[in-house]
Every structure is written in C-alpha cells, then in structure tokens.
Amino acid sequence: MSYQVPHLSLGATWHHSKTNSSGTPALPMDIDFIESNRYNHDGEYETALLKFKWQLGLQDATHAMDNFSQRENTDPDKYRYNTAEAKTLDYKFEVISDVLSFGIEGFSAEHNSTITNPENMMLSAQWQ
C-alpha cells in the first residue's frame, strides 16, 4: 500500500508466512510449523532545501521442529521438540541536502529457543 501527494510519499507492507508440517531431509529435525509476520513502513518528505527519508521494519516469527513426528525415532529418550522465536526491529532515517547527507540506521534482534522432550518433562533447555 502506498500514498503519495506532492512532497510526501508513504508506504506500508505486511507479509504473513505460514508453513505447516513438512519434512527437511537435510536437517536432523522436521518442521512442525512456521508462522511469521513482517511489517514495514517507509516514507519520504521533501522541502525546498531538504529531503527526509525513513524506513521502519518489525518482524515476529515462531518456528517449531521435532525429530520424531515425521521420521523414525525408536528411542523416546532422544525425542526433541524445538520452539524458536525471533523478534526484530530495523530502522533507517536520512536527511539529504545538496551539500550534505547524514542519517542513522540500525537493527535489533531478540531470539529465544526452547528444546524439550515430550516424553520427559524434566528435559527443557533455553537459549537466548
């Protein structure tokens, strides 16, 4: 979606991704599900002397995998279920003139992964 008038343009996008269970033969675990949302906003504003440009993005994703529901694993002690979450923020702001341009940009991410064994509730490990 975009909006444009003289000297101002705005844009926004949303991307939703959803994957149900699927095998991943090259990896030691198969996908149970993936669910992700990505939001983005950008814009540009222009005056007689300066141009301002910006972009802001957010992502929220959850992903789960296991090594027993779609492949043979005859040892319940070795069952593993991994739930991984990620939240990200990226931003960019620029001020542009005929003689000078400057700006700031950055990226922040928070990740969390929890591995459990559904056959052994005592097994739980977390990484951040």
# chains A, B, ... in the order shown; residues from 1 in each chain; ligands from 1
$ residues_around --residues "A:Asn120" --least-positions-apart "6" --cutoff "10 Å" --atoms "only C-alpha atoms" --output "PyMOL selection string"
chain A and resi 76-80
$ write_last_selection --atoms "N, CA, C and O atoms" --output "short mmCIF file (atom, residue, chain, number, x, y, z; two decimals), in the first residue's frame"
data_model
loop_
_atom_site.label_atom_id
_atom_site.label_comp_id
_atom_site.auth_asym_id
_atom_site.auth_seq_id
_atom_site.Cartn_x
_atom_site.Cartn_y
_atom_site.Cartn_z
N PRO A 76 12.43 -42.96 22.60
CA PRO A 76 11.75 -41.79 23.15
C PRO A 76 12.66 -40.91 24.02
O PRO A 76 12.41 -39.72 24.17
N ASP A 77 13.74 -41.46 24.56
CA ASP A 77 14.68 -40.65 25.33
C ASP A 77 15.39 -39.61 24.46
O ASP A 77 15.89 -38.61 24.96
N LYS A 78 15.42 -39.85 23.15
CA LYS A 78 16.10 -38.93 22.23
C LYS A 78 15.11 -38.04 21.47
O LYS A 78 15.53 -37.31 20.57
N TYR A 79 13.83 -38.08 21.81
CA TYR A 79 12.86 -37.17 21.19
C TYR A 79 13.23 -35.74 21.57
O TYR A 79 13.53 -35.45 22.72
N ARG A 80 13.16 -34.86 20.58
CA ARG A 80 13.41 -33.44 20.84
C ARG A 80 12.38 -32.61 20.09
O ARG A 80 12.04 -32.89 18.94
#
$ select_by_dssp --residues "chain A" --states "strand (DSSP E or B)" --output "ChimeraX atom specification"
/A:2-5,8-19,22,30-46,51-66,81-96,101-117,120-127
$ atom_distance --atom1 "atom CA of A:Leu58" --atom2 "atom CA of A:Met1"
16.4 Å
$ closest_residue --among "A:Tyr81, A:Trp54, A:Trp14, A:Tyr45" --to "A:Phe33" --atoms "only C-alpha atoms"
A:Tyr81
$ closest_residue --among "A:Asn37, A:Thr83, A:Ser69, A:Asn20" --to "A:Ser124" --atoms "only C-alpha atoms"
A:Thr83
$ closest_residue --among "A:Ala125, A:Ile31, A:Leu100, A:Val5" --to "A:Lys18" --atoms "only C-alpha atoms"
A:Ile31
$ closest_residue --among "A:Ala84, A:Leu123, A:Leu89, A:Val95" --to "A:Ser108" --atoms "only C-alpha atoms"
A:Leu89
$ residues_around --residues "A:His15" --least-positions-apart "5" --cutoff "8 Å" --atoms "only C-alpha atoms" --output "short mmCIF file (atom, residue, chain, number, x, y, z; two decimals) with C-alpha atoms, in the first residue's frame"
data_model
loop_
_atom_site.label_atom_id
_atom_site.label_comp_id
_atom_site.auth_asym_id
_atom_site.auth_seq_id
_atom_site.Cartn_x
_atom_site.Cartn_y
_atom_site.Cartn_z
CA SER A 36 5.90 -15.16 10.65
CA ASN A 37 4.66 -11.60 10.26
CA ARG A 38 6.75 -8.78 8.81
CA TYR A 39 5.57 -5.16 8.90
#
$ decode --residues "stretch 58-81 of chain A" --atoms "N, CA and C atoms" --output "JSON list (two decimals), in the first residue's frame"
[["chain", "number", "residue", "atom", "x", "y", "z"],
["A", 58, "LEU", "N", 9.45, -4.33, 11.34],
["A", 58, "LEU", "CA", 9.27, -5.20, 12.51],
["A", 58, "LEU", "C", 8.98, -6.60, 12.02],
["A", 59, "GLN", "N", 9.54, -7.59, 12.69],
["A", 59, "GLN", "CA", 9.22, -8.98, 12.38],
["A", 59, "GLN", "C", 8.99, -9.75, 13.67],
["A", 60, "ASP", "N", 7.99, -10.63, 13.64],
["A", 60, "ASP", "CA", 7.68, -11.52, 14.76],
["A", 60, "ASP", "C", 7.48, -12.91, 14.16],
["A", 61, "ALA", "N", 8.34, -13.85, 14.56],
["A", 61, "ALA", "CA", 8.30, -15.18, 13.95],
["A", 61, "ALA", "C", 8.42, -16.27, 15.01],
["A", 62, "THR", "N", 7.69, -17.36, 14.80],
["A", 62, "THR", "CA", 7.78, -18.54, 15.66],
["A", 62, "THR", "C", 7.95, -19.75, 14.74],
["A", 63, "HIS", "N", 8.82, -20.67, 15.16],
["A", 63, "HIS", "CA", 9.17, -21.81, 14.33],
["A", 63, "HIS", "C", 9.36, -23.01, 15.25],
["A", 64, "ALA", "N", 8.73, -24.13, 14.94],
["A", 64, "ALA", "CA", 8.88, -25.33, 15.77],
["A", 64, "ALA", "C", 9.30, -26.51, 14.89],
["A", 65, "MET", "N", 10.20, -27.34, 15.45],
["A", 65, "MET", "CA", 10.69, -28.52, 14.74],
["A", 65, "MET", "C", 10.79, -29.68, 15.73],
["A", 66, "ASP", "N", 10.75, -30.91, 15.19],
["A", 66, "ASP", "CA", 10.98, -32.08, 16.04],
["A", 66, "ASP", "C", 11.67, -33.17, 15.23],
["A", 67, "ASN", "N", 12.11, -34.20, 15.96],
["A", 67, "ASN", "CA", 12.82, -35.30, 15.30],
["A", 67, "ASN", "C", 12.09, -36.64, 15.44],
["A", 68, "PHE", "N", 10.76, -36.60, 15.60],
["A", 68, "PHE", "CA", 10.04, -37.86, 15.82],
["A", 68, "PHE", "C", 8.69, -37.96, 15.13],
["A", 69, "SER", "N", 8.04, -36.86, 14.80],
["A", 69, "SER", "CA", 6.67, -36.97, 14.26],
["A", 69, "SER", "C", 6.63, -37.35, 12.78],
["A", 70, "GLN", "N", 7.68, -37.06, 12.03],
["A", 70, "GLN", "CA", 7.67, -37.34, 10.59],
["A", 70, "GLN", "C", 8.78, -38.29, 10.16],
["A", 71, "ARG", "N", 9.55, -38.78, 11.11],
["A", 71, "ARG", "CA", 10.64, -39.71, 10.78],
["A", 71, "ARG", "C", 10.74, -40.75, 11.89],
["A", 72, "GLU", "N", 11.37, -41.82, 11.58],
["A", 72, "GLU", "CA", 11.50, -42.90, 12.56],
["A", 72, "GLU", "C", 12.52, -42.53, 13.64],
["A", 73, "ASN", "N", 12.06, -42.62, 14.86],
["A", 73, "ASN", "CA", 12.93, -42.42, 16.02],
["A", 73, "ASN", "C", 12.40, -43.37, 17.09],
["A", 74, "THR", "N", 13.04, -44.49, 17.24],
["A", 74, "THR", "CA", 12.54, -45.54, 18.13],
["A", 74, "THR", "C", 12.97, -45.38, 19.57],
["A", 75, "ASP", "N", 13.70, -44.32, 19.89],
["A", 75, "ASP", "CA", 14.17, -44.10, 21.26],
["A", 75, "ASP", "C", 13.53, -42.83, 21.82],
["A", 76, "PRO", "N", 12.43, -42.96, 22.60],
["A", 76, "PRO", "CA", 11.75, -41.79, 23.15],
["A", 76, "PRO", "C", 12.66, -40.91, 24.02],
["A", 77, "ASP", "N", 13.74, -41.46, 24.56],
["A", 77, "ASP", "CA", 14.68, -40.65, 25.33],
["A", 77, "ASP", "C", 15.39, -39.61, 24.46],
["A", 78, "LYS", "N", 15.42, -39.85, 23.15],
["A", 78, "LYS", "CA", 16.10, -38.93, 22.23],
["A", 78, "LYS", "C", 15.11, -38.04, 21.47],
["A", 79, "TYR", "N", 13.83, -38.08, 21.81],
["A", 79, "TYR", "CA", 12.86, -37.17, 21.19],
["A", 79, "TYR", "C", 13.23, -35.74, 21.57],
["A", 80, "ARG", "N", 13.16, -34.86, 20.58],
["A", 80, "ARG", "CA", 13.41, -33.44, 20.84],
["A", 80, "ARG", "C", 12.38, -32.61, 20.09],
["A", 81, "TYR", "N", 11.90, -31.58, 20.77],
["A", 81, "TYR", "CA", 10.98, -30.61, 20.18],
["A", 81, "TYR", "C", 11.58, -29.23, 20.43]]
